[in-house]
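Engineer: This is query-v6.txt, which holds compact mmCIF, C-alpha atoms and all ligand atoms:
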# COMPACT_ATOMS: atom_id res chain seq x y z
CA MET A 8 0.00 0.00 0.00
CA ILE A 9 1.41 3.40 -0.99
CA ARG A 10 1.54 5.79 1.94
CA VAL A 11 1.34 9.54 1.55
CA LYS A 12 2.71 11.98 4.09
CA ILE A 13 -0.17 14.21 5.15
CA PRO A 14 1.07 17.79 5.55
CA ASP A 15 0.01 19.48 8.82
CA THR A 16 -1.05 22.48 6.75
CA HIS A 17 -3.70 20.48 4.85
CA PRO A 18 -7.12 21.86 5.87
CA ARG A 19 -8.43 18.31 6.39
CA ALA A 20 -5.23 16.82 7.82
CA GLU A 21 -6.99 15.31 10.85
CA SER A 22 -9.65 13.62 8.79
CA LEU A 23 -7.02 12.25 6.36
CA ARG A 24 -5.01 10.85 9.27
CA VAL A 25 -8.09 9.05 10.56
CA ARG A 26 -8.55 7.51 7.10
CA GLU A 27 -4.92 6.36 7.15
CA ARG A 28 -5.49 4.73 10.54
CA LEU A 29 -8.48 2.87 9.16
CA ILE A 30 -6.51 1.67 6.14
CA GLU A 31 -3.83 0.36 8.50
CA ALA A 32 -6.57 -1.39 10.50
CA LEU A 33 -7.83 -2.96 7.27
CA GLU A 34 -4.34 -4.26 6.51
CA ALA A 35 -4.03 -5.64 10.06
CA GLY A 36 -7.30 -7.54 9.65
CA VAL A 37 -9.14 -5.45 12.29
CA LEU A 38 -11.46 -3.79 9.76
CA THR A 39 -13.26 -5.03 6.65
CA GLU A 40 -13.78 -3.04 3.46
CA SER A 41 -17.37 -2.41 4.49
CA GLY A 42 -16.04 -0.74 7.64
CA LEU A 43 -14.37 1.83 5.38
CA ILE A 44 -17.67 2.43 3.62
CA ALA A 45 -19.47 2.89 6.94
CA HIS A 46 -16.81 5.42 7.92
CA GLY A 47 -17.45 7.37 4.72
CA ARG A 48 -21.14 7.54 5.51
CA GLY A 49 -20.25 8.80 8.98
CA GLU A 50 -17.92 11.50 7.58
CA CYS A 51 -20.77 12.84 5.48
CA PHE A 52 -23.02 13.28 8.50
CA ASP A 53 -20.14 14.70 10.53
CA TYR A 54 -19.81 17.42 7.88
CA LEU A 55 -23.49 18.21 8.31
CA ILE A 56 -23.24 18.64 12.09
CA GLY A 57 -20.17 20.88 11.76
CA GLU A 58 -17.62 18.23 12.90
CA LYS A 59 -18.15 19.29 16.50
CA THR A 60 -19.92 17.87 19.54
CA GLN A 61 -23.16 19.84 19.48
CA SER A 62 -25.39 20.41 22.51
CA PHE A 63 -27.76 17.55 21.56
CA ALA A 64 -24.77 15.16 21.53
CA LEU A 65 -23.44 16.35 24.85
CA ARG A 66 -26.85 15.91 26.46
CA ALA A 67 -27.07 12.33 25.14
CA GLU A 68 -23.50 11.58 26.27
CA LYS A 69 -24.34 12.69 29.80
CA ALA A 70 -27.53 10.59 29.87
CA ALA A 71 -25.57 7.62 28.48
CA VAL A 72 -22.91 7.81 31.19
CA ALA A 73 -25.62 8.08 33.87
CA THR A 74 -27.42 5.03 32.41
CA LEU A 75 -24.22 2.99 32.26
CA LEU A 76 -23.37 3.91 35.87
CA LEU A 77 -26.86 2.90 37.02
CA ALA A 78 -26.81 -0.40 35.10
CA GLU A 79 -26.30 -3.74 36.79
CA HIS A 80 -24.61 -5.42 33.80
CA PRO A 81 -23.32 -2.69 31.46
CA VAL A 82 -21.57 -3.86 28.28
CA ILE A 83 -19.76 -1.83 25.65
CA SER A 84 -19.93 -3.60 22.30
CA VAL A 85 -16.76 -3.33 20.22
CA ASN A 86 -16.66 -3.74 16.44
CA GLY A 87 -13.85 -3.23 13.94
CA ASN A 88 -14.39 0.52 13.47
CA ALA A 89 -14.60 1.17 17.21
CA ALA A 90 -11.45 -0.89 17.82
CA ALA A 91 -9.53 0.85 15.05
CA LEU A 92 -10.58 4.34 16.11
CA CYS A 93 -10.49 4.31 19.89
CA ALA A 94 -9.42 1.10 21.60
CA VAL A 95 -7.38 2.95 24.24
CA GLU A 96 -10.28 5.22 25.15
CA LEU A 97 -12.78 2.35 25.24
CA ILE A 98 -10.58 0.52 27.74
CA GLU A 99 -10.42 3.61 29.95
CA LEU A 100 -14.16 4.25 29.73
CA SER A 101 -15.03 0.63 30.53
CA SER A 102 -12.84 0.72 33.60
CA LEU A 103 -14.37 4.01 34.86
CA LEU A 104 -17.88 2.62 34.35
CA ASP A 105 -17.11 -0.90 35.49
CA ALA A 106 -18.53 -2.09 32.17
CA LYS A 107 -17.48 -5.15 30.17
CA LEU A 108 -16.07 -4.86 26.66
CA GLU A 109 -17.39 -7.39 24.16
CA LEU A 110 -16.32 -8.05 20.62
CA ASN A 111 -19.32 -8.01 18.32
CA LEU A 112 -18.65 -8.36 14.61
CA PHE A 113 -20.97 -8.19 11.62
CA TYR A 114 -18.41 -9.99 9.42
CA ARG A 115 -16.99 -12.48 11.90
CA SER A 116 -13.93 -14.55 11.11
CA ALA A 117 -11.25 -16.20 13.22
CA ARG A 118 -8.68 -13.85 11.67
CA ARG A 119 -10.59 -10.72 12.69
CA GLU A 120 -11.30 -11.99 16.19
CA LYS A 121 -7.61 -12.71 16.59
CA ALA A 122 -6.51 -9.35 15.18
CA ILE A 123 -8.83 -7.35 17.47
CA SER A 124 -8.05 -9.43 20.56
CA LYS A 125 -4.35 -8.95 19.82
CA LEU A 126 -4.84 -5.19 19.54
CA PHE A 127 -6.50 -5.06 22.98
CA ARG A 128 -3.91 -7.38 24.55
CA LYS A 129 -1.12 -5.17 23.20
CA LEU A 130 -2.76 -2.31 25.09
CA GLY A 131 -2.67 -4.40 28.28
CA PHE A 132 -6.36 -5.38 28.25
CA GLU A 133 -7.05 -9.09 28.66
CA GLY A 134 -10.79 -9.07 29.40
CA LEU A 135 -12.31 -8.66 25.92
CA LEU A 136 -15.37 -10.92 25.79
CA GLY A 137 -17.01 -12.43 22.73
CA ASN A 138 -14.43 -14.71 21.19
CA ARG A 139 -15.25 -18.06 19.61
CA THR A 140 -14.97 -20.05 22.84
CA GLN A 141 -17.58 -18.15 24.84
CA ARG A 142 -20.72 -17.98 22.75
CA ALA A 143 -24.43 -17.93 23.39
CA SER A 144 -27.06 -16.80 20.86
CA ILE A 145 -29.59 -14.00 20.94
CA ARG A 146 -33.03 -14.23 19.36
CA GLY A 147 -33.91 -12.23 16.24
CA LEU A 148 -30.57 -12.50 14.45
CA ASP A 149 -29.01 -15.22 12.38
CA GLY A 150 -25.56 -16.77 11.96
CA GLY A 151 -22.44 -15.20 13.42
CA ARG A 152 -24.26 -11.96 14.20
CA ALA A 153 -26.40 -13.69 16.83
CA LYS A 154 -23.41 -14.94 18.81
CA VAL A 155 -22.79 -13.25 22.15
CA SER A 156 -20.95 -13.97 25.36
CA PRO A 157 -22.99 -15.47 28.21
CA LYS A 158 -20.99 -13.24 30.58
CA GLY A 159 -21.59 -10.11 28.53
CA LEU A 160 -24.26 -9.22 26.00
CA LEU A 161 -26.49 -12.16 26.92
CA ILE A 162 -27.04 -10.93 30.48
CA ALA A 163 -26.49 -7.21 29.86
CA ASP A 164 -29.24 -4.81 30.92
CA THR A 165 -27.51 -1.88 29.19
CA VAL A 166 -25.50 -2.04 25.98
CA MET A 167 -23.56 0.73 24.31
CA LEU A 168 -22.73 0.20 20.66
CA ALA A 169 -21.28 2.37 17.91
CA ILE A 170 -21.20 2.41 14.12
CA GLU A 171 -23.64 -0.50 14.19
CA ASP A 172 -26.26 -1.67 11.72
CA GLY A 173 -29.93 -1.30 12.57
CA ASP A 174 -30.75 -5.03 12.75
CA ARG A 175 -28.64 -5.74 15.74
CA THR A 176 -29.65 -2.54 17.51
CA LEU A 177 -33.30 -3.48 16.99
CA SER A 178 -32.79 -7.05 18.21
CA LEU A 179 -31.02 -5.92 21.35
CA SER A 180 -33.68 -3.36 22.14
CA ARG A 181 -36.46 -5.92 21.48
CA LEU A 182 -34.80 -8.10 24.10
CA GLY A 183 -35.58 -5.33 26.57
CA LYS A 184 -32.05 -4.02 26.91
CA ASN A 185 -31.30 -0.34 27.26
CA VAL A 186 -29.45 0.46 24.07
CA ILE A 187 -27.14 3.43 23.76
CA ALA A 188 -25.95 4.09 20.21
CA ILE A 189 -23.20 6.35 18.92
CA ASP A 190 -24.19 7.10 15.34
CA LEU A 191 -23.49 10.20 13.29
CA ASN A 192 -26.58 9.57 11.18
CA PRO A 193 -29.67 10.74 13.10
CA LEU A 194 -31.87 9.13 10.40
CA SER A 195 -30.48 5.60 10.65
CA ARG A 196 -32.48 2.65 11.97
CA THR A 197 -29.94 2.39 14.77
CA ALA A 198 -30.55 6.03 15.75
CA SER A 199 -34.30 5.51 16.02
CA ALA A 200 -34.12 2.08 17.70
CA ALA A 201 -31.81 3.16 20.52
CA SER A 202 -33.03 4.46 23.87
CA ILE A 203 -30.20 7.00 23.89
CA THR A 204 -28.78 8.15 20.57
CA ILE A 205 -25.51 10.03 20.54
CA VAL A 206 -25.25 11.87 17.24
CA ASP A 207 -21.52 12.48 17.40
CA ASN A 208 -18.28 11.07 16.07
CA ILE A 209 -17.04 8.20 18.25
CA LEU A 210 -13.65 9.95 18.20
CA ARG A 211 -15.14 12.88 20.12
CA ALA A 212 -17.87 11.02 22.01
CA ILE A 213 -15.73 8.51 23.92
CA PRO A 214 -13.17 11.05 25.27
CA ARG A 215 -16.09 13.30 26.26
CA MET A 216 -17.78 10.39 28.04
CA ILE A 217 -14.52 9.62 29.89
CA GLU A 218 -14.53 13.17 31.29
CA LEU A 219 -18.21 12.88 32.21
CA ALA A 220 -17.66 9.49 33.87
CA LYS A 221 -14.84 10.91 36.01
CA ASP A 222 -17.35 13.35 37.43
CA LEU A 223 -20.65 11.40 37.43
CA ARG A 224 -19.27 8.24 39.07
CA TYR A 225 -19.19 10.14 42.38
CA ARG A 226 -22.82 11.30 42.13
CA SER A 227 -25.64 9.63 44.02
CA THR A 228 -28.09 7.21 42.40
CA TRP A 229 -30.74 9.85 42.92
CA GLU A 230 -28.73 12.48 40.97
CA LEU A 231 -28.05 10.02 38.14
CA ARG A 232 -31.76 9.17 37.91
CA GLU A 233 -32.58 12.88 37.74
CA ILE A 234 -30.28 13.25 34.72
CA LEU A 235 -32.20 10.44 33.01
CA GLU A 236 -35.62 11.77 33.90
CA SER A 237 -34.85 15.10 32.29
CA TYR A 238 -33.59 13.42 29.09
CA ASP A 239 -35.93 12.89 26.13
CA ASN A 240 -34.34 10.91 23.27
CA SER A 241 -36.97 11.65 20.61
CA LYS A 242 -36.76 15.35 21.35
CA ASN A 243 -32.98 15.21 21.23
CA LEU A 244 -33.00 13.40 17.88
CA ARG A 245 -35.44 15.95 16.48
CA GLU A 246 -33.03 18.66 17.62
CA ALA A 247 -30.15 16.97 15.78
CA ILE A 248 -32.20 16.80 12.58
CA GLY A 249 -33.37 20.40 13.09
CA PHE A 250 -29.76 21.49 13.50
CA ILE A 251 -28.85 19.95 10.13
CA ARG A 252 -31.92 21.52 8.50
CA THR A 253 -31.02 24.98 9.84
CA ARG A 254 -27.46 24.62 8.58
CA LEU A 255 -28.59 23.49 5.14
CA ASN A 256 -31.12 26.34 4.94
CA SER A 257 -28.43 28.80 5.82
CA VAL A 258 -26.03 27.36 3.23
CA SER A 259 -28.72 27.33 0.55
CA GLN A 260 -29.42 31.01 1.20
CA ASN A 261 -25.92 32.30 1.91
CA GLY A 262 -23.62 29.91 0.04
CA SER A 263 -21.17 27.31 1.28
CA PRO A 264 -19.85 27.86 4.78
CA THR A 265 -16.27 28.95 5.31
CA PRO A 266 -14.84 27.89 8.69
CA ASN A 267 -15.85 31.32 10.10
CA THR A 268 -19.42 31.36 8.83
CA LEU A 269 -19.79 27.83 10.12
CA GLU A 270 -19.00 28.99 13.64
CA ARG A 271 -21.53 31.81 13.23
CA GLU A 272 -24.27 29.46 12.02
CA ILE A 273 -23.74 27.18 14.99
CA GLU A 274 -23.95 30.15 17.36
CA LEU A 275 -27.14 31.32 15.60
CA PHE A 276 -28.67 27.88 15.95
CA ARG A 277 -27.87 27.84 19.66
CA GLY A 278 -29.53 31.26 19.91
P1 LIG B 1 -28.91 1.44 9.89
O1 LIG B 1 -28.97 -0.03 9.56
O2 LIG B 1 -28.89 1.71 11.36
O3 LIG B 1 -29.94 2.29 9.16
P2 LIG B 1 -26.60 1.70 8.18
O4 LIG B 1 -27.18 0.78 7.22
O5 LIG B 1 -26.14 3.03 7.73
O6 LIG B 1 -27.49 1.98 9.45
P3 LIG B 1 -23.95 0.89 8.65
O7 LIG B 1 -23.54 1.33 7.31
O8 LIG B 1 -23.48 -0.41 9.16
O9 LIG B 1 -25.49 0.90 8.89
O10 LIG B 1 -23.66 1.97 9.72
C1 LIG B 1 -22.65 2.69 10.01
C2 LIG B 1 -23.23 3.88 10.76
O11 LIG B 1 -22.21 4.39 11.58
C3 LIG B 1 -23.68 4.98 9.81
O12 LIG B 1 -24.92 5.50 10.22
C4 LIG B 1 -22.60 6.05 9.99
O13 LIG B 1 -23.16 7.34 9.89
C5 LIG B 1 -22.10 5.79 11.39
N1 LIG B 1 -20.68 6.13 11.59
C6 LIG B 1 -19.64 5.89 10.76
N2 LIG B 1 -18.49 6.32 11.29
C7 LIG B 1 -18.80 6.85 12.50
C8 LIG B 1 -18.04 7.45 13.53
N3 LIG B 1 -16.71 7.63 13.42
N4 LIG B 1 -18.68 7.85 14.64
C9 LIG B 1 -20.02 7.69 14.77
N5 LIG B 1 -20.81 7.13 13.82
C10 LIG B 1 -20.21 6.72 12.70
Can the structure from this file be put into structure tokens for me?
Ligand code: ATP
Structural biologist:
Amino acid sequence: MIRVKIPDTHPRAESLRVRERLIEALEAGVLTESGLIAHGRGECFDYLIGEKTQSFALRAEKAAVATLLLAEHPVISVNGNAAALCAVELIELSSLLDAKLELNLFYRSARREKAISKLFRKLGFEGLLGNRTQRASIRGLDGGRAKVSPKGLLIADTVMLAIEDGDRTLSLSRLGKNVIAIDLNPLSRTASAASITIVDNILRAIPRMIELAKDLRYRSTWELREILESYDNSKNLREAIGFIRTRLNSVSQNGSPTPNTLEREIELFRG
């Protein structure tokens, strides 16, 4: 694979570096080609929300951390994209929340399982659930996608997943689990099936949730429940879609946003 050096001065240097990381993950067997396509879809929606954590995302991130702290069996589901983009941060978040990490792959193969487990072990984490030897099945899905760990997703009351397809999100929520989804597309089936939808890039969402967890883990159960009671996922999703509509209206009237006008539009939206 030919590698290009990305100049720091390139206006989209950060985004190009993320793409390079994903290509490396593909070569290492962590990601599949379809993971690259999913990332492209995500980038498009990230553009639409201004590539920043907006207030609707922050609200959902706070509610998600409160839910995970209140859960009896919280599990964070890890797929190839999540592993390639933020394995270190997922390990830290799981430890702060006392949540399990479980490998959950759409395209499952022994090679991928091995590559992702190796990545986590290299980072000093030995407890990744969901390999071939510890499998149960969940209803509503077929084949490899139905396989879960009896110590993790099978008994979980709360599951956080990211960059996931709608089928599995729907199956997990039909099983009565609290599903938290990180998905840049507020229109996806995953976004509407989840109980808490975080419309943000996983690269920003997980570090933000780490900071929130450092604070919220010392709050009382009562305070955490209050955060949840004041959170309304449908309203929040409508706000995310409204935000995109406002931005597109503004661009259609005033032309494409430059970085400065983009800031102004976001301020205008916030009122
Ligand atoms: P659904 O089945 O839920 O309607 P889909 O068919 O789009 O979704 P995929 O293509 O598997 O399912 O989903 C990938 C999802 O992950 C897309 O909605 C995409 O916007 C989102 N996504 C991609 N990259 C990121 C990222 N870095 N952070 C958050 N979300 C992302």
Engineer: Please list as an MDAnalysis selection string every residue within 10 Å of His80 of chain A, counting only C-alpha atoms and excluding residues in the same chain fewer than 5 positions away.
Structural biologist: chainID A and resid 75 105:107 158:166
Engineer: For ligand LIG 1 (chain B), which residue among A:Ala117, A:Ala89, A:Met216, A:Ala143 is the nearest when counting all atoms listed in the file?
Structural biologist: A:Ala89
Engineer: Give the residues close to ligand LIG 1 (chain B), within 9 Å, counting only C-alpha atoms and all ligand atoms; write them as a VMD selection string.
Structural biologist: chain A and resid 41 to 53 88 to 89 92 113 169 to 177 188 to 200 205 to 212
Engineer: Which residue gives the smallest distance to Leu108 of chain A among A:Glu246, A:Asn86, A:Arg26, A:Leu148, with all atoms listed in the file counted?
Structural biologist: A:Asn86
Engineer: Which residue, A:Ala64, A:Leu104, A:Leu168, A:Ile187, has the smallest gap to Val85 of chain A when you use only C-alpha atoms?
Structural biologist: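 Distance minimum relative to Val85 of chain A lands on A:Leu168.
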Engineer: What's the 12 Å shell around Arg139 of chain A, counting only C-alpha atoms, without same-chain residues fewer than 6 positions away, as an MDAnalysis selection string?
Structural biologist: chainID A and resid 109:112 115:121 124 151 154:157
Engineer: Please, what is the axis-aligned box for every listed atom of segment 171-174 of chain A with 3 Å on each side, as centre and edge lengths in Å to one decimal, as lines of an AutoDock Vina configuration file?
Structural biologist:
center_x = -27.2
center_y = -2.8
center_z = 13.0
size_x = 13.1
size_y = 10.5
size_z = 8.5
Engineer: Atom CA of Ala247 of chain A and atom CA of Leu23 of chain A, how far apart in Å?
Structural biologist: 25.4 Å
Engineer: Can you tell me which residues surround Ser241 of chain A at a distance of at most 9 Å, considering all atoms listed in the file, apart from same-chain residues fewer than 3 positions away, and format the answer as a list in words?
Structural biologist: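 Here the qualifying residues turn out to be Ser199, Ser202, Ile203, Thr204, Leu244, Arg245 and Glu246 of chain A.
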Engineer: Rank A:Ser62, A:His17, A:Asn138, A:Gly87 by their smallest atom-to-atom distance to Ile30 of chain A, using only C-alpha atoms, and report the top residue only.
Structural biologist: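 Among A:Ser62, A:His17, A:Asn138, A:Gly87, it is A:Gly87 that comes nearest to Ile30 of chain A.
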